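Okay, model34.cif is below, mmCIF, C-alpha atoms:
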data_structure
#
loop_
_atom_site.label_atom_id
_atom_site.label_comp_id
_atom_site.auth_asym_id
_atom_site.auth_seq_id
_atom_site.Cartn_x
_atom_site.Cartn_y
_atom_site.Cartn_z
CA MET A 1 120.75 -104.83 -119.41
CA ARG A 2 122.55 -104.43 -116.08
CA PHE A 3 121.48 -105.90 -112.76
CA ASN A 4 121.68 -103.37 -109.96
CA VAL A 5 122.45 -105.20 -106.70
CA GLN A 6 122.88 -101.81 -105.04
CA GLY A 7 119.27 -101.01 -105.85
CA MET A 8 118.06 -104.14 -104.10
CA GLU A 9 120.18 -103.36 -101.06
CA HIS A 10 118.81 -99.80 -100.98
CA GLY A 11 115.27 -101.16 -101.13
CA ALA A 12 115.82 -103.40 -98.11
CA ARG A 13 117.40 -100.60 -96.12
CA GLY A 14 114.79 -98.13 -97.24
CA GLY A 15 112.04 -99.99 -95.43
CA ARG A 16 110.72 -101.65 -98.55
CA GLY A 17 112.55 -104.91 -97.85
CA ALA A 18 109.35 -106.91 -97.92
CA ARG A 19 108.83 -105.87 -101.55
CA TYR A 20 112.21 -107.33 -102.45
CA ALA A 21 112.25 -110.37 -100.17
CA GLY A 22 112.29 -113.58 -102.12
CA LEU A 23 112.19 -111.92 -105.52
CA GLN A 24 114.15 -113.31 -108.38
CA TRP A 25 114.98 -110.72 -110.97
CA TYR A 26 114.56 -111.93 -114.52
CA ALA A 27 115.92 -110.23 -117.60
CA TYR A 28 115.86 -112.70 -120.41
CA ALA A 29 118.66 -112.17 -122.85
CA GLY A 30 119.04 -115.12 -125.14
CA SER A 31 117.85 -118.33 -123.57
CA PRO A 32 115.04 -118.01 -121.00
CA ALA A 33 115.26 -121.64 -119.93
CA ARG A 34 119.00 -121.40 -119.16
CA VAL A 35 118.55 -118.10 -117.34
CA LEU A 36 115.77 -119.51 -115.20
CA LYS A 37 117.75 -122.68 -114.50
CA ALA A 38 120.76 -120.73 -113.20
CA GLU A 39 118.64 -118.41 -111.05
CA ARG A 40 116.59 -121.24 -109.58
CA ALA A 41 119.72 -123.25 -108.81
CA VAL A 42 120.89 -120.48 -106.48
CA VAL A 43 117.60 -120.39 -104.60
CA ASP A 44 117.34 -124.20 -104.44
CA GLU A 45 120.94 -124.64 -103.26
CA LEU A 46 120.37 -122.07 -100.49
CA GLY A 47 117.15 -123.77 -99.44
CA GLY A 48 115.26 -120.59 -100.18
CA GLY A 49 111.78 -119.90 -101.32
CA CYS A 50 109.50 -116.99 -102.03
CA GLN A 51 109.83 -115.67 -98.46
CA MET A 52 113.62 -115.46 -98.42
CA PRO A 53 115.57 -112.30 -99.35
CA ILE A 54 117.48 -113.86 -102.22
CA GLY A 55 117.97 -112.10 -105.53
CA ALA A 56 119.40 -113.76 -108.62
CA HIS A 57 119.86 -112.44 -112.14
CA ALA A 58 121.36 -114.24 -115.10
CA THR A 59 122.02 -113.19 -118.66
CA VAL A 60 123.17 -115.13 -121.69
CA SER A 61 125.60 -113.75 -124.23
CA GLY A 62 126.58 -116.18 -126.94
CA ASP A 63 127.59 -119.42 -125.26
CA THR A 64 128.22 -117.81 -121.85
CA ILE A 65 125.84 -117.39 -118.93
CA ALA A 66 126.62 -114.75 -116.31
CA LEU A 67 124.93 -114.84 -112.92
CA THR A 68 124.87 -112.25 -110.13
CA SER A 69 123.17 -112.96 -106.83
CA VAL A 70 122.61 -111.38 -103.44
CA VAL A 71 121.24 -112.31 -100.03
CA ILE A 72 120.21 -109.38 -97.85
CA ALA A 73 119.21 -109.35 -94.18
CA PRO A 74 115.65 -108.00 -93.91
CA ASP A 75 116.88 -104.93 -92.02
CA GLY A 76 119.64 -104.36 -94.58
CA SER A 77 122.38 -104.78 -91.98
CA ARG A 78 124.16 -107.60 -93.82
CA VAL A 79 124.63 -108.34 -97.48
CA ALA A 80 126.28 -111.30 -99.21
CA ARG A 81 127.05 -110.96 -102.94
CA ALA A 82 128.44 -113.34 -105.52
CA ALA A 83 128.84 -113.60 -109.26
CA ALA A 84 130.17 -116.10 -111.75
CA GLU A 85 129.96 -117.06 -115.37
CA GLY A 86 130.34 -120.25 -117.31
CA PRO A 87 129.12 -122.12 -120.36
CA ARG A 88 125.44 -121.67 -121.14
CA SER A 89 125.05 -125.43 -121.13
CA GLY A 90 126.17 -125.47 -117.48
CA ALA A 91 123.61 -123.00 -116.13
CA ASP A 92 122.71 -125.21 -113.17
CA ALA A 93 126.38 -125.62 -112.20
CA VAL A 94 126.95 -121.86 -112.41
CA GLY A 95 123.97 -121.34 -110.09
CA ARG A 96 125.28 -123.86 -107.56
CA MET A 97 128.74 -122.27 -107.71
CA VAL A 98 127.28 -118.83 -106.96
CA ALA A 99 125.25 -120.28 -104.09
CA ARG A 100 128.43 -121.72 -102.55
CA GLN A 101 130.12 -118.34 -102.91
CA LEU A 102 127.16 -116.70 -101.17
CA LEU A 103 127.39 -119.17 -98.31
CA ALA A 104 131.11 -118.43 -97.94
CA ALA A 105 130.27 -114.69 -97.95
CA GLY A 106 127.87 -115.04 -95.00
CA ALA A 107 124.53 -115.89 -96.58
CA ASP A 108 124.25 -118.96 -94.37
CA ASP A 109 124.18 -116.78 -91.25
CA ILE A 110 121.69 -114.33 -92.75
CA LEU A 111 119.33 -117.13 -93.78
CA ALA A 112 119.75 -119.03 -90.50
CA ARG A 113 118.72 -115.94 -88.53
CA ILE A 114 115.64 -115.51 -90.71
CA ARG A 115 114.67 -119.16 -90.31
CA ALA A 116 115.18 -118.96 -86.53
CA THR A 117 113.03 -115.84 -86.33
CA ASP A 118 110.31 -117.39 -88.48
CA HIS A 119 110.38 -120.56 -86.40
CA THR A 120 110.06 -118.74 -83.07
CA SER A 121 107.32 -116.42 -84.35
CA GLY A 122 105.29 -119.29 -85.73
CA SER A 123 105.51 -118.04 -89.30
CA ARG A 124 105.80 -120.46 -92.17
CA THR A 125 107.99 -119.99 -95.20
#

Output the structure of this file as structure tokens.
Amino acid sequence: MRFNVQGMEHGARGGRGARYAGLQWYAYAGSPARVLKAERAVVDELGGGCQMPIGAHATVSGDTIALTSVVIAPDGSRVARAAAEGPRSGADAVGRMVARQLLAAGADDILARIRATDHTSGSRT
């Protein structure tokens, strides 16, 4: 099964961003607990929650876990992508590594703008 980051980006730009905001995409292939651990590590490391436009998808093949993740500005104007793989036993570390890559790719700015907007509008995340 392939994870289509382009599809998520298209959804945000196509005006359906709210449907995709904060979703984690799960496709269990092998070890559900490891997959979930890697995906959650990305969201946790970024300080995200269910209201943040963070997508994460992991798959397990043999002893390897592969993780792809994306952070998209709600209006689709900015996208940060990252991917990594590592040993299945290190799912949490792979997730944290991808989160750091996302931050280096601009996710910190995207998320900071969302938090600032939510704070000034009185919304809670």

Measuring between all atoms listed in the file, which one of A:Met97, A:Pro53, A:Ala105, A:Leu46 shows the shortest distance to Gly76 (chain A)? A:Pro53

Residue members of the PyMOL selection byres ((chain A and resi 67) around 10) in the file shown, as a compact mmCIF listing (two decimals) with C-alpha atoms, in the coordinates of the input:
# COMPACT_ATOMS: atom_id res chain seq x y z
CA PHE A 3 121.48 -105.90 -112.76
CA VAL A 35 118.55 -118.10 -117.34
CA ALA A 38 120.76 -120.73 -113.20
CA GLU A 39 118.64 -118.41 -111.05
CA VAL A 42 120.89 -120.48 -106.48
CA ALA A 56 119.40 -113.76 -108.62
CA HIS A 57 119.86 -112.44 -112.14
CA ALA A 58 121.36 -114.24 -115.10
CA THR A 59 122.02 -113.19 -118.66
CA VAL A 60 123.17 -115.13 -121.69
CA THR A 64 128.22 -117.81 -121.85
CA ILE A 65 125.84 -117.39 -118.93
CA ALA A 66 126.62 -114.75 -116.31
CA THR A 68 124.87 -112.25 -110.13
CA SER A 69 123.17 -112.96 -106.83
CA ALA A 82 128.44 -113.34 -105.52
CA ALA A 83 128.84 -113.60 -109.26
CA ALA A 84 130.17 -116.10 -111.75
CA GLU A 85 129.96 -117.06 -115.37
CA GLY A 86 130.34 -120.25 -117.31
CA ALA A 91 123.61 -123.00 -116.13
CA VAL A 94 126.95 -121.86 -112.41
CA GLY A 95 123.97 -121.34 -110.09
CA MET A 97 128.74 -122.27 -107.71
CA VAL A 98 127.28 -118.83 -106.96

CA of Cys50 (chain A) and CA of Leu103 (chain A) are how many Å apart?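 Separation between CA of Cys50 (chain A) and CA of Leu103 (chain A): 18.4 Å.
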
Could you give me the axis-aligned bounding box of region 92-106 of chain A, with 6 Å of padding per side, as centre plus edge lengths in Å to one decimal, as JSON?
{"center_x": 126.9, "center_y": -120.2, "center_z": -104.1, "size_x": 20.4, "size_y": 22.9, "size_z": 30.2}

Work out how far apart CA of Lys37 (chain A) and CA of Ala99 (chain A) are and give it in Å to one decimal.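 Distance between the two atoms: 13.1 Å.
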
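Nearest residue to Met52 (chain A), choosing from A:Asp92, A:Ala73, A:Arg100, A:Asp109 and counting all atoms listed in the file: A:Ala73.
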
Rounded to one decimal place, report the CA of Pro87 (chain A)-CA of Asp108 (chain A) distance in Å. 26.6 Å
